[in-house]
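> Below you will find the structure I want to go over with you.
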Amino acid sequence: MRVSWTSDGAVRHLTFRLDPEDDITGHCADGQPLKMATNSCRVELPREPREIHPDLAALAAWTVVAPWTRRAVTFDRPISAELAEAIHDGWGIEAGPVGASPRSGRRLAVSYSGGADSVAAAAMLPDAPFVHFQRVSHPRVPNRWTHYRADVLAKLAARTGREPTVVRSDLEFTLAEPRPGYPEHHAVAAGALLMADELDLGGLAFGYELGSRWLGGDRYLLRYTPDNPMWAPHGAWGRAFAAAGVHIVLPVGGVSEAVTMRLALSSPLREYVRWCLRGEDGPCGTCGKCLYKELIQAAVERRPLRTAIGPDRPVARKWQEPPPYGGQEMIEYGCARIPGIEDTVFAKAAAFLGATESSTAWLDRCYPPAIEEIPEPWRATVRDFIAAEIGFMNDDEARRVETWGLS
Ligand SMILES: [Zn+2]
């Protein structure tokens with residue numbers, strides 16, 4: 001794989017060319033098969049940065065091209081030996097040329113999506129600036145996702161009162177299948193990486209919570225994942241970001257989506273929380289994500305489920321079938337707490353799971369090892385917040401995390 005960046009004012013253009021052994025089909029770090037649509041994309045920065053360390057440009061490119069690289073990646077500027085080693089150890093890929101000294105930075109920014117998890121992370125870090133990724137159309141790829149209102153989210157992010165850096169990019173359109181999206185989950189950080197010298201970033205906080213970090217959430221199911229390749233500090237991506245001097249920080253990595261929802265709804269940013277990108281004036285209320293988040297919100301607010309979605313709708317079909325479910329811990333939590341769940345689309349799931357308030361109480365507290373893996377400069381801030389607002393799991397509760405998926 002050969003990667004080059006060119007600049008046009010504050011716009012950075014990325015072009016990548018496959019070597020003979022590379023392929024337009026590959027896999028993301030979570031195992032999802034991916035097919036490439038095109039070999040170029042751009043990142044529009046809010047202003048021309050003073051400098052971009054070659055490791056930052058290389059890592060930003062790597063978040064896009066990693067799935068399709070088989071043997072070697074050649075960047076257009078020499079990178080540090082540290083980053084080359086991290087890519088070699090993490091992926092078995094030769095990376096070069098080597099010849100830069102490593103970089104470091106001091107500040108922590110929040111990779112801000114506007115969803116409840118990232119608002120909760122922001123609530124823990126009241127002084128952290130936001131970097132927000134906004135999807136824009138690609139000149140060579142038709143946009144069949146025009147209902148996805150990235151512009152609304154960017155406007156909301158700018159109104160939060162935090163120092164906002166909005167980065168616009170079409171990099172999601174490098175992906176043909178399964179649909180436009182980040183080739184690697186970390187591509188959401190491409191703009192933050194390119195701005196990291198300008199913002200003096202030493203860390204980037206993501207809203208990945210307990211399910212995504214430790215329970216095999218997202219596209220995994222029901223599996224305790226201490227060595228999660230995407231989010232563990234000692235995983236391939238954790239080491240690559242650290243080598244580029246931008247540590248991955250997961251302030252809400254030890255708490256469930258029930259806790260992040262509670263934090264988001266009680267945050268000054270509450271009015272800007274938006275997890276569904278289909279509606280213009282608020283969540284659409286009809287998609288699968290809206291249904292899932294409504295389950296969590298209703299459980300947190302201890303009220304009946306408010307939804308017009310019936311059991312025959314495609315987005316409700318999986319809840320009519322037996323587990324396992326993605327995000328199953330939150331389905332258990334919701335089914336155990338929502339009054340009248342037996343009269344909703346989750347009735348069958350609730351009967352299958354048989355969860356109770358006491359069997360799901362561990363999801364109201366923080367898994368302590370998640371605090372230990374936060375880099376030292378920011379650990380105390382997060383630990384103090386959790387101690388004051390949430391509390392920690394005891395040994396029995398922590399064991400629920402560590403035996404998740406073993407029956
Ligand atoms: Zn929706």
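Identifiers in the structure tokens: chain A, B, ... in order shown; residue index from 1 per chain; ligand index from 1 in order shown.
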Quick one: which chain A residues come within 12 Å of ligand 1, and what is the nearest atom pair for each with the distance in Å to one decimal, counting only C-alpha atoms and all ligand atoms, rows ordered by chain and ascending number, as CSV?


residue,atom,partner,partner_atom_place_in_ligand_line,distance
A:His147,CA,ligand 1,1 (Zn),10.7
A:Tyr148,CA,ligand 1,1 (Zn),10.1
A:Arg149,CA,ligand 1,1 (Zn),11.2
A:Arg274,CA,ligand 1,1 (Zn),9.5
A:Trp275,CA,ligand 1,1 (Zn),7.6
A:Cys276,CA,ligand 1,1 (Zn),4.5
A:Leu277,CA,ligand 1,1 (Zn),6.7
A:Arg278,CA,ligand 1,1 (Zn),5.7
A:Gly279,CA,ligand 1,1 (Zn),6.8
A:Glu280,CA,ligand 1,1 (Zn),10.4
A:Asp281,CA,ligand 1,1 (Zn),11.3
A:Gly282,CA,ligand 1,1 (Zn),8.5
A:Pro283,CA,ligand 1,1 (Zn),5.0
A:Cys284,CA,ligand 1,1 (Zn),4.0
A:Gly285,CA,ligand 1,1 (Zn),4.8
A:Thr286,CA,ligand 1,1 (Zn),5.4
A:Cys287,CA,ligand 1,1 (Zn),4.2
A:Gly288,CA,ligand 1,1 (Zn),6.7
A:Lys289,CA,ligand 1,1 (Zn),5.8
A:Cys290,CA,ligand 1,1 (Zn),4.3
A:Leu291,CA,ligand 1,1 (Zn),7.5
A:Tyr292,CA,ligand 1,1 (Zn),9.5
A:Lys293,CA,ligand 1,1 (Zn),9.2
A:Glu294,CA,ligand 1,1 (Zn),9.9
A:Thr307,CA,ligand 1,1 (Zn),11.2
A:Ile309,CA,ligand 1,1 (Zn),11.3
A:Val315,CA,ligand 1,1 (Zn),10.6

> Dump N, CA and C atoms for the selected residues as a tab-separated table (two decimals), in the first residue's frame?


chain	number	residue	atom	x	y	z
A	147	HIS	N	-30.46	10.87	3.90
A	147	HIS	CA	-31.26	11.10	5.11
A	147	HIS	C	-30.37	11.27	6.35
A	148	TYR	N	-29.08	11.01	6.19
A	148	TYR	CA	-28.15	11.07	7.32
A	148	TYR	C	-27.75	12.52	7.51
A	149	ARG	N	-28.28	13.17	8.60
A	149	ARG	CA	-28.17	14.61	8.72
A	149	ARG	C	-26.93	15.03	9.51
A	274	ARG	N	-27.87	13.77	20.68
A	274	ARG	CA	-28.57	13.29	19.48
A	274	ARG	C	-27.93	11.99	19.03
A	275	TRP	N	-28.66	10.85	19.16
A	275	TRP	CA	-28.05	9.58	18.74
A	275	TRP	C	-28.56	9.12	17.39
A	276	CYS	N	-29.60	9.74	16.87
A	276	CYS	CA	-30.15	9.31	15.59
A	276	CYS	C	-29.91	10.42	14.58
A	277	LEU	N	-29.38	10.06	13.42
A	277	LEU	CA	-29.02	11.05	12.42
A	277	LEU	C	-30.05	11.13	11.31
A	278	ARG	N	-31.19	10.48	11.51
A	278	ARG	CA	-32.20	10.48	10.45
A	278	ARG	C	-33.16	11.64	10.54
A	279	GLY	N	-33.41	12.13	11.74
A	279	GLY	CA	-34.40	13.20	11.89
A	279	GLY	C	-33.74	14.56	11.91
A	280	GLU	N	-34.46	15.58	11.52
A	280	GLU	CA	-33.91	16.93	11.48
A	280	GLU	C	-34.14	17.65	12.81
A	281	ASP	N	-35.32	17.45	13.40
A	281	ASP	CA	-35.68	18.18	14.61
A	281	ASP	C	-35.59	17.30	15.86
A	282	GLY	N	-34.96	16.14	15.73
A	282	GLY	CA	-34.87	15.24	16.86
A	282	GLY	C	-34.78	13.83	16.34
A	283	PRO	N	-34.65	12.86	17.24
A	283	PRO	CA	-34.54	11.48	16.78
A	283	PRO	C	-35.78	11.05	16.00
A	284	CYS	N	-35.61	10.17	15.01
A	284	CYS	CA	-36.72	9.80	14.12
A	284	CYS	C	-37.76	8.96	14.84
A	285	GLY	N	-37.33	8.21	15.87
A	285	GLY	CA	-38.26	7.39	16.64
A	285	GLY	C	-38.70	6.11	15.94
A	286	THR	N	-38.19	5.87	14.74
A	286	THR	CA	-38.64	4.68	14.01
A	286	THR	C	-37.50	3.73	13.64
A	287	CYS	N	-36.26	4.10	13.87
A	287	CYS	CA	-35.15	3.23	13.48
A	287	CYS	C	-34.76	2.31	14.65
A	288	GLY	N	-33.92	1.32	14.34
A	288	GLY	CA	-33.50	0.36	15.36
A	288	GLY	C	-32.72	1.02	16.48
A	289	LYS	N	-31.91	2.01	16.13
A	289	LYS	CA	-31.12	2.67	17.16
A	289	LYS	C	-32.00	3.47	18.11
A	290	CYS	N	-33.00	4.18	17.54
A	290	CYS	CA	-33.94	4.91	18.40
A	290	CYS	C	-34.66	3.96	19.36
A	291	LEU	N	-35.04	2.78	18.87
A	291	LEU	CA	-35.75	1.82	19.73
A	291	LEU	C	-34.85	1.36	20.87
A	292	TYR	N	-33.59	1.05	20.54
A	292	TYR	CA	-32.62	0.59	21.55
A	292	TYR	C	-32.36	1.68	22.59
A	293	LYS	N	-32.15	2.92	22.12
A	293	LYS	CA	-31.87	4.03	23.06
A	293	LYS	C	-33.10	4.37	23.89
A	294	GLU	N	-34.30	4.23	23.31
A	294	GLU	CA	-35.53	4.47	24.08
A	294	GLU	C	-35.66	3.44	25.20
A	307	THR	N	-43.02	4.19	22.28
A	307	THR	CA	-42.66	3.91	20.89
A	307	THR	C	-43.88	3.48	20.11
A	309	ILE	N	-43.33	1.64	17.47
A	309	ILE	CA	-42.82	0.48	16.74
A	309	ILE	C	-43.48	-0.79	17.29
A	315	VAL	N	-37.29	-3.55	12.26
A	315	VAL	CA	-36.32	-3.16	13.29
A	315	VAL	C	-36.60	-3.86	14.63

> Sorted by chain and rising residue number, which residues of region 160-190 of chain A lie within 12 Å of region 28-33 of chain A, and what are their closest atom pairs and distances in Å to one decimal, counting only C-alpha atoms, as a tab-separated table?


residue	atom	partner	partner_atom	distance
A:Leu175	CA	A:Pro33	CA	10.7
A:Ala176	CA	A:Pro33	CA	10.9
A:Glu177	CA	A:Pro33	CA	8.1
A:Pro178	CA	A:Pro33	CA	7.8
A:Arg179	CA	A:Pro33	CA	11.1
A:Gly181	CA	A:Cys28	CA	11.4
A:Tyr182	CA	A:Cys28	CA	9.4
A:Pro183	CA	A:Cys28	CA	6.7
A:Glu184	CA	A:Cys28	CA	5.6
A:His185	CA	A:Cys28	CA	8.1
A:His186	CA	A:Ala29	CA	9.8
A:Ala187	CA	A:Cys28	CA	11.1

> Could you pull the residues within 9 Å of region 369-383 of chain A, counting only C-alpha atoms, minus those fewer than 3 positions along the same chain, as a list in words?

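Skipping anything fewer than 3 positions along the chain leaves Arg106, Leu108, Met124, Leu125, Gly203, Leu210, Arg213, Trp214, Ala232, Pro233, His247, Ile248, Val249, Leu250, Pro251, Val252, Gly253, Gly254, Val255, Cys366, Ile386, Ala387 and Ala388 of chain A.
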
> Check the smallest atom-to-atom distance from each of A:Pro323, A:Pro49, A:Pro78, A:Gly90 to Pro229 (chain A) using only C-alpha atoms, then report the winner.

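Selected residue with least distance to Pro229 (chain A): A:Gly90.
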
> For Ala10 (chain A), list every protein, DNA or RNA residue within 6 Å, evaluated using only C-alpha atoms, and leave out those in the same chain fewer than 2 positions away; present the list as a short mmCIF file (atom, residue, chain, number, x, y, z; two decimals) with N, CA and C atoms, in the first residue's frame.


data_model
loop_
_atom_site.label_atom_id
_atom_site.label_comp_id
_atom_site.auth_asym_id
_atom_site.auth_seq_id
_atom_site.Cartn_x
_atom_site.Cartn_y
_atom_site.Cartn_z
N LEU A 45 -9.89 20.64 7.12
CA LEU A 45 -9.61 21.14 8.47
C LEU A 45 -10.20 22.54 8.61
N ARG A 47 -8.88 25.16 9.75
CA ARG A 47 -7.89 26.17 9.39
C ARG A 47 -6.61 25.43 9.02
N GLU A 48 -5.71 26.15 8.39
CA GLU A 48 -4.42 25.58 8.00
C GLU A 48 -3.58 25.34 9.26
#

> In Å, rounded to a single decimal, give me how far CA of Gly161 (chain A) is from CA of Pro129 (chain A).

9.6 Å

> Of the residues A:Glu94, A:Asp89, A:Asp151, A:Glu163, which is the one nearest to Phe130 (chain A), using only C-alpha atoms?

A:Glu163

> For Ser358 (chain A), list every protein, DNA or RNA residue within 12 Å, evaluated using only C-alpha atoms, and leave out those in the same chain fewer than 5 positions away; present the list as a ChimeraX atom specification.

/A:332-333,336-337,363-364,397

> Could you write those residues out with N, CA and C atoms, as a short mmCIF file (atom, residue, chain, number, x, y, z; two decimals), in the first residue's frame?


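This is the output file part.cif:
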data_model
loop_
_atom_site.label_atom_id
_atom_site.label_comp_id
_atom_site.auth_asym_id
_atom_site.auth_seq_id
_atom_site.Cartn_x
_atom_site.Cartn_y
_atom_site.Cartn_z
N GLU A 332 -31.10 -6.65 28.92
CA GLU A 332 -31.44 -7.20 30.24
C GLU A 332 -31.79 -6.07 31.21
N TYR A 333 -30.97 -5.04 31.21
CA TYR A 333 -31.17 -3.92 32.14
C TYR A 333 -32.53 -3.26 31.90
N ALA A 336 -35.58 -5.49 32.78
CA ALA A 336 -35.75 -5.66 34.22
C ALA A 336 -36.39 -4.45 34.89
N ARG A 337 -36.38 -3.29 34.23
CA ARG A 337 -36.78 -2.05 34.91
C ARG A 337 -37.99 -1.33 34.33
N LEU A 363 -24.64 -3.12 36.40
CA LEU A 363 -24.55 -2.17 35.27
C LEU A 363 -24.76 -0.72 35.71
N ASP A 364 -24.99 -0.51 37.00
CA ASP A 364 -25.10 0.87 37.52
C ASP A 364 -23.79 1.39 38.08
N GLU A 397 -19.47 -8.02 41.45
CA GLU A 397 -19.98 -7.33 40.26
C GLU A 397 -18.94 -7.32 39.15
#

> How many Å separate CA of Glu44 (chain A) from CA of Leu201 (chain A)?

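So the two atoms, CA of Glu44 (chain A) and CA of Leu201 (chain A), lie 18.5 Å apart.
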
> Let me make sure I understand: among A:Arg306, A:Lys155, A:Arg262, A:Lys348, which one has the smallest atom-to-atom distance to Trp319 (chain A) if we use only C-alpha atoms?

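Closest to Trp319 (chain A), using only C-alpha atoms: A:Lys348.
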
> Residues of region 155-388 of chain A in strand (DSSP E) according to DSSP, as number ranges by chain?

A: 164-169, 175-177, 201-205, 247-249

> Between A:Thr74, A:Gly238, A:Leu305, A:Ile79, which has the minimum distance to Asp343 (chain A) (counting only C-alpha atoms)?

A:Leu305

> Taking 4 positions as the minimum chain separation for residues in the same chain, which residues sit within 8 Å of Val246 (chain A) when counting only C-alpha atoms? Answer as a ChimeraX atom specification.

/A:104-105,193,196,201-204,241-242

> Please identify all polymer residues within 8 Å of Phe16 (chain A), counting only C-alpha atoms, omitting same-chain residues fewer than 2 positions from it, and present them as a PyMOL selection string.

chain A and resi 1-4+14+18+39-40+65

> For a quick check of understanding, using only C-alpha atoms, which of A:Trp237, A:Pro102, A:Thr63, A:Tyr272 has the smallest distance to Ala158 (chain A)?

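Nearest to Ala158 (chain A): A:Tyr272.
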